[in-house]
Structures are given as C-alpha cells and as structure tokens.
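Trainee: Pasting a structure here, questions to come.
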Amino acid sequence: MRQLLSEPSNEVFISLLSLAEVSAAFSICVRRGKLEQRQGRLAYHAFVSDVVGGKYRLVPAALSIVVHAADLTQQHPLKGYDAVQVASGLALDRAIESEGLELIFVSSDQQVLNAAEAEELMMVNPHEHTEENERD
C-alpha cells in the first residue's frame with residue numbers, strides 16, 4: 001500500500017461514501033479498544049484533511065453507481081456500502097480504460113474482493129503484503 005500510495009504517477013480514487021465508512025471504521029476501532037479515543041480522533045481528522053486537501057480523487061455517488069451497487073447486492077453477498085465501493089471501482093475502470101490506464105481495486109474485505117474478482121477488476125489485498133510493509 002505504501003508503494004502504491006507513494007508512487008507519484010498513481011492517482012488514488014475513493015468513493016465519496018468512503019468518508020462515512022472511514023469515519024465509522026475509526027469509531028469502531030475506538031469502541032473496541034484497538035485505538036485510543038485521541039488516536040481515533042486524530043486519524044479521522046487526518047483523513048478528512050487529506051480528502052479536503054485533494055490527496056484522494058473522489059468518485060461521486062451518482063445514481064447510476066448506486067443502482068449498479070443495488071444490482072451487485074443481488075449477485076454477490078455484499079453489504080450496501082461495500083457494493084457501492086465495487087460499483088464505483090467498476091465505473092472508474094470503464095472510464096479510464098479508454099485512456100489506457102489500469103485500475104487496481106484495493107480492499108482487505110474478502111467478500112468485496114470476491115465480488116471485485118467476479119466482476120473482473122484487478123485487485124490487491126493489502127494484508128497479503130504485511131511482511132513487506134513491516135520490513136520498510
């Protein structure tokens with residue numbers, strides 16, 4: 001992940017709805033004791049700052065993406081926002097394909113990865129590279 005994010009030629013896209021998902025993830029980590037409340041708050045504010053500062057390009061939650069996400073929930077065992085992530089990836093993949101660019105869909109959720117693979121997205125699970133990250 002560090003390599004993907006640090007490479008200047010890579011652009012990082014996230015669904016607009018990731019703002020709610022990431023916020024919820026930090027809050028869950030705090031409630032479960034994986035992060036102290038201060039750490040969770042700092043991580044959340046850093047993420048929002050990165051989004052507002054343009055570190056990530058946002059994929060809007062357009063009606064067409066949400067409808068496609070709804071269809072994906074009928075084909076794969078996905079939660080609503082997970083389906084939106086896959087639908088956003090598929091929409092972005094179609095949009096950049098004509099420019100000769102490749103999308104790498106990143107998730108650590110196995111159900112999301114299974115759906116992305118079934119929908120023929122190129123993907124990476126960052127947990128598969130944990131040892132590489134620990135050496136850096």
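Scheme for the structure tokens: letters A, B, ... for chains in order shown; per-chain residue numbers from 1; ligand numbers from 1 in order shown.
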Can you list, as number ranges by chain, all residues belonging to chain A that DSSP tags as strand (DSSP E or B)?

Mentor: A: 13-15, 57-59, 105-106, 123-124

Trainee: I need the residues in chain A that are helix (DSSP H, G or I) according to DSSP; give them as an MDAnalysis selection string.

Mentor: chainID A and resid 2:6 18:31 37:52 63:75 80:97 110:118 126:135

Trainee: Within 12 Å of Lys55 (chain A), counting only C-alpha atoms, which residues qualify if same-chain residues fewer than 3 places away don't, as a list in words?

Mentor: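 Here the qualifying residues turn out to be Leu5, Ser6, Pro8, Asn10, Glu11, Val12, Phe13, Ile14, Ala46, Phe47, Val48, Ser49, Asp50, Val51, Val52 and Leu58 of chain A.
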
Trainee: Need the shell around region 119-130 of chain A: protein/DNA/RNA residues with any atom at most 9 Å away, counting only C-alpha atoms. Skip same-chain ones fewer than 4 positions apart. Format as a PyMOL selection string?

Mentor: chain A and resi 1+86+89-90+93+102-110+113-115+134-135

Trainee: List the spatial neighbours of Ala25 (chain A) as a PyMOL selection string - criterion: any atom at most 12 Å away, only C-alpha atoms, same-chain residues fewer than 2 positions off excluded.

Mentor: chain A and resi 18-23+27-32+34-35+40-41+43-44+47

Trainee: How many Å separate CA of Ala87 (chain A) from CA of Val66 (chain A)?

Mentor: 7.4 Å

Trainee: Using only C-alpha atoms, which residues sit within 8 Å of Leu78 (chain A) once same-chain residues fewer than 6 positions away are excluded, as a VMD selection string?

Mentor: chain A and resid 72 111 to 112 115

Trainee: Keeping C-alpha atoms for every residue in the selection just given, could you write it to a file as a compact mmCIF listing (two decimals), in the first residue's frame?

Mentor:
```txt
# COMPACT_ATOMS: atom_id res chain seq x y z
CA LEU A 72 -24.44 -6.16 -7.26
CA GLN A 111 -16.34 -10.65 0.26
CA VAL A 112 -15.58 -7.37 -1.50
CA ALA A 115 -17.14 -9.69 -5.87
```

Trainee: Go ahead and compute the interatomic distance for CA of Ser64 (chain A) and CA of Asp82 (chain A), in Å to one decimal.

Mentor: 15.6 Å

Trainee: Do you know which residues are at most 9 Å from Ser88 (chain A) counting only C-alpha atoms, after dropping those on the same chain fewer than 5 positions away, and could you put them as a count of residues only?

Mentor: 11

Trainee: If you measure from CA of Leu16 (chain A) to CA of Leu4 (chain A), what distance in Å do you get, rounded to one decimal?

Mentor: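 Answer for the CA of Leu16 (chain A) to CA of Leu4 (chain A) separation: 20.2 Å.
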